[in-house]
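Report on the following structure.
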Amino acid sequence: MSTLLLNTLTGKTSAGSIVVTGEGGSTTTNMQQGLAKMWVNYTGISTTAARDSFNVSSLTDNSTGRTTITINNDMGNANYSGYYYTNANTGTGYTDLNNDYTGGFGSFATGSCGNNTQSGSGDVDSYQNLCGIFGDLA
Amino acid sequence: MVAHGTIAFDTLTTSDQANTGTEKSIDTSYLFNGSAKGWLNGASDASINGSFGFSSGVDNGTGDYSYNLTNAMGSDNNSVVNMNPRSAQDRAGPATFNSVSQVLVHVYDISSQAVNDGGVNVTVQGELA
């Protein structure tokens with residue numbers, strides 16, 4: 001069997017758990033746990049807007065440098081993990097960086113997460129914002 | 001619905017008709033290589049709030065944390081990322097592999113002083129041993 005045509009994968013023993021085997025043929029990992037549950041690439045300049053995304057229903061511009069990402073299908077709890085990169089700069093290039101930039105998650109909730117961006121001079125809207133989360137879906 | 005305990009196949013094809021009317025396929029190697037091998041949400045004392053692929057955390061000192069992986073990575077040349085929430089301004093928390101089975105996180109403030117932080121967020125990508 002080389003190709004399966006289907007729309008949904010569901011675990012047999014446990015619906016939310018499917019084990020996949022790696023190239024070595026022995027080590028396994030859990031497919032559901034390893035999948036990103038949300039990702040988004042967005043701009044915070046002028047009108048905050050997603051360029052592309054997965055499992056995101058909306059972005060909210062709360063204030064300068066503060067964005068709330070509303071998750072479409074909620075997480076099961078707020079103890080998930082993830083990454084957030086920002087150039088903390090209005091420049092459009094990935095090399096347009098503030099030397100003293102910082103950005104990170106400001107909040108975790110089952111239906112949203114908050115991203116904060118700041119440079120040495122205070123909160124700042126930025127052009128490059130790349131974010132993803134891993135954890136348990138509800 | 002047909003239930004199988006284990007099936008071996010190389011390609012997964014989904015009929016994405018609702019959105020595009022175009023079938024999309026993915027080589028099953030992407031399911032393994034593209035999946036995160038670990039993620040964790042950690043507290044300021046190295047305890048773990050939520051995780052996958054990590055067995056424990058150790059508080060080595062102020063802002064100095066180590067986290068043990070349940071399954072060893074194939075090498076320490078894989079990708080590991082840590083993000084600290086901006087619970088305070090201007091903090092950074094770089095993550096590195098200490099070994100194929102352990103990730104280190106060191107959190108600093110803007111003065112390069114080690115500081116405890118209650119928002120460690122680590123993700124690990126790459127190949128398992």
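Letters for chains follow the order of the structure tokens (A, B, ...), residue numbers begin at 1 for each chain, and ligand numbers begin at 1 in the order shown.
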
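These are the residues of chain A assigned alpha helix (DSSP H) by DSSP from backbone coordinates: Met31, Gln32, Gln33 and Gly34 of chain A.
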
Create the file for the chosen residues now, containing C-alpha atoms and written as an mmCIF file, in the first residue's frame.
data_model
loop_
_atom_site.group_PDB
_atom_site.id
_atom_site.type_symbol
_atom_site.label_atom_id
_atom_site.label_comp_id
_atom_site.auth_asym_id
_atom_site.auth_seq_id
_atom_site.Cartn_x
_atom_site.Cartn_y
_atom_site.Cartn_z
ATOM 1 C CA MET A 31 1.647 12.617 15.613
ATOM 2 C CA GLN A 32 -1.033 14.743 17.249
ATOM 3 C CA GLN A 33 1.299 16.053 19.944
ATOM 4 C CA GLY A 34 3.938 17.011 17.435
#

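Contact shell of Gln128 in chain A at 9 Å (only C-alpha atoms; same-chain neighbours under 3 positions omitted): Asn41, Tyr42, Thr43, Gly44, Tyr85, Thr86, Asn87, Ala88, Asn89, Thr90, Gly91, Thr92, Gly93 and Tyr94 of chain A.
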
Practice task
Excluding Ser81 in chain A and residues on its chain fewer than 2 positions from it, collect all residues at most 8 Å away from it, counting only C-alpha atoms, and give them as a PyMOL selection string.
Solution key: (chain A and resi 79+83+133-135) or (chain B and resi 39-41+50-51+121-123)

Output C-alpha atoms for every residue in the selection just made, as a short mmCIF file (atom, residue, chain, number, x, y, z; two decimals), in the first residue's frame.
data_model
loop_
_atom_site.label_atom_id
_atom_site.label_comp_id
_atom_site.auth_asym_id
_atom_site.auth_seq_id
_atom_site.Cartn_x
_atom_site.Cartn_y
_atom_site.Cartn_z
CA ASN A 79 -0.34 25.41 29.32
CA TYR A 83 7.46 30.46 19.42
CA ILE A 133 1.94 27.08 19.09
CA PHE A 134 2.08 23.43 20.16
CA GLY A 135 -0.13 21.75 22.72
CA TRP B 39 7.39 21.24 23.60
CA LEU B 40 7.02 22.55 27.11
CA ASN B 41 5.55 25.39 29.12
CA GLY B 50 2.44 21.28 30.18
CA SER B 51 4.69 19.33 27.85
CA ASN B 121 8.35 28.01 26.21
CA VAL B 122 10.59 25.48 24.48
CA THR B 123 10.01 23.69 21.19
#

Completion exercise
Of A:Trp39, A:Phe105, A:Phe54, A:Tyr80, the one nearest to Leu130 in chain A when counting only C-alpha atoms is A:Trp39

Exercise for the section: Considering only C-alpha atoms, return as a ChimeraX atom specification whatever protein or nucleic-acid residues lie within 9 Å of Leu6 in chain A, sequence-local ones (same chain, fewer than 3 positions apart) excluded. Expected result: /A:9 /B:12-15

Requested write-out: C-alpha atoms of the selected residues, as a PDB file, in the first residue's frame:
ATOM      1  CA  LEU A   9      -7.050  10.262  10.527  1.00  0.00           C
TER       2      LEU A   9
ATOM      3  CA  LEU B  12      -1.260  10.622   2.408  1.00  0.00           C
ATOM      4  CA  THR B  13      -3.717  12.321   0.081  1.00  0.00           C
ATOM      5  CA  THR B  14      -6.553  14.523   1.235  1.00  0.00           C
ATOM      6  CA  SER B  15      -9.404  15.716  -0.923  1.00  0.00           C
TER       7      SER B  15
END

So that I can check the surroundings of Asn115 in chain A, please list as an mmCIF file with N, CA and C atoms, in the first residue's frame every protein, DNA and RNA residue that reaches within 9 Å of it, counting only C-alpha atoms and ignoring chain neighbours fewer than 4 positions away.
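And here is the file that came out, around22.cif:
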data_model
loop_
_atom_site.group_PDB
_atom_site.id
_atom_site.type_symbol
_atom_site.label_atom_id
_atom_site.label_comp_id
_atom_site.auth_asym_id
_atom_site.auth_seq_id
_atom_site.Cartn_x
_atom_site.Cartn_y
_atom_site.Cartn_z
ATOM 1 N N GLY A 65 2.227 47.606 19.473
ATOM 2 C CA GLY A 65 3.035 46.453 19.841
ATOM 3 C C GLY A 65 2.295 45.344 20.553
ATOM 4 N N ARG A 66 1.002 45.456 20.660
ATOM 5 C CA ARG A 66 0.215 44.439 21.381
ATOM 6 C C ARG A 66 -0.828 43.844 20.444
ATOM 7 N N THR A 67 -0.743 42.546 20.228
ATOM 8 C CA THR A 67 -1.663 41.861 19.314
ATOM 9 C C THR A 67 -2.242 40.625 19.986
ATOM 10 N N THR A 68 -3.532 40.427 19.822
ATOM 11 C CA THR A 68 -4.170 39.196 20.274
ATOM 12 C C THR A 68 -4.513 38.337 19.067
ATOM 13 N N ILE A 69 -4.062 37.091 19.115
ATOM 14 C CA ILE A 69 -4.379 36.123 18.068
ATOM 15 C C ILE A 69 -5.522 35.253 18.578
ATOM 16 N N TYR A 84 7.589 32.820 18.988
ATOM 17 C CA TYR A 84 7.168 34.093 18.405
ATOM 18 C C TYR A 84 8.412 34.873 18.021
ATOM 19 N N GLY A 103 10.532 40.493 21.932
ATOM 20 C CA GLY A 103 9.137 40.157 21.688
ATOM 21 C C GLY A 103 8.845 38.820 22.315
ATOM 22 N N GLY A 104 7.647 38.642 22.742
ATOM 23 C CA GLY A 104 7.301 37.374 23.359
ATOM 24 C C GLY A 104 5.818 37.264 23.597
ATOM 25 N N PHE A 105 5.436 36.122 24.128
ATOM 26 C CA PHE A 105 4.039 35.928 24.468
ATOM 27 C C PHE A 105 3.693 36.770 25.693
ATOM 28 N N GLY A 106 2.579 37.455 25.614
ATOM 29 C CA GLY A 106 2.119 38.228 26.752
ATOM 30 C C GLY A 106 1.005 37.538 27.504
ATOM 31 N N SER A 107 0.353 36.587 26.857
ATOM 32 C CA SER A 107 -0.746 35.894 27.519
ATOM 33 C C SER A 107 -1.025 34.574 26.816
ATOM 34 N N CYS A 131 4.562 33.394 14.321
ATOM 35 C CA CYS A 131 4.164 32.777 15.588
ATOM 36 C C CYS A 131 3.547 31.406 15.329
ATOM 37 N N PRO B 85 7.825 34.829 27.813
ATOM 38 C CA PRO B 85 6.842 35.897 27.726
ATOM 39 C C PRO B 85 7.427 37.174 28.297
ATOM 40 N N ARG B 86 6.905 38.253 27.839
ATOM 41 C CA ARG B 86 7.416 39.517 28.344
ATOM 42 C C ARG B 86 6.754 39.826 29.682
#

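Excluding Gly53 in chain B and any residue on its chain fewer than 2 positions from it, the residues at most 6 Å away by only C-alpha atoms are Gly38, Leu69 and Thr70 of chain B.
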
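Compared by their closest atoms to Ser111 in chain B, and using only C-alpha atoms, the residues B:His4, B:Ser44, B:Tyr65, B:Arg91 rank with B:Arg91 nearest.
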
Practice task
Could you check which of A:Thr47, A:Ser14, A:Val19, A:Gly76 is closest to Asn62 in chain A, using only C-alpha atoms?
Solution key: A:Thr47

Exercise for the section: Enter the distance from CA of Val58 in chain B to CA of Ala46 in chain B, in Å, rounded to one decimal. Expected result: 5.5 Å
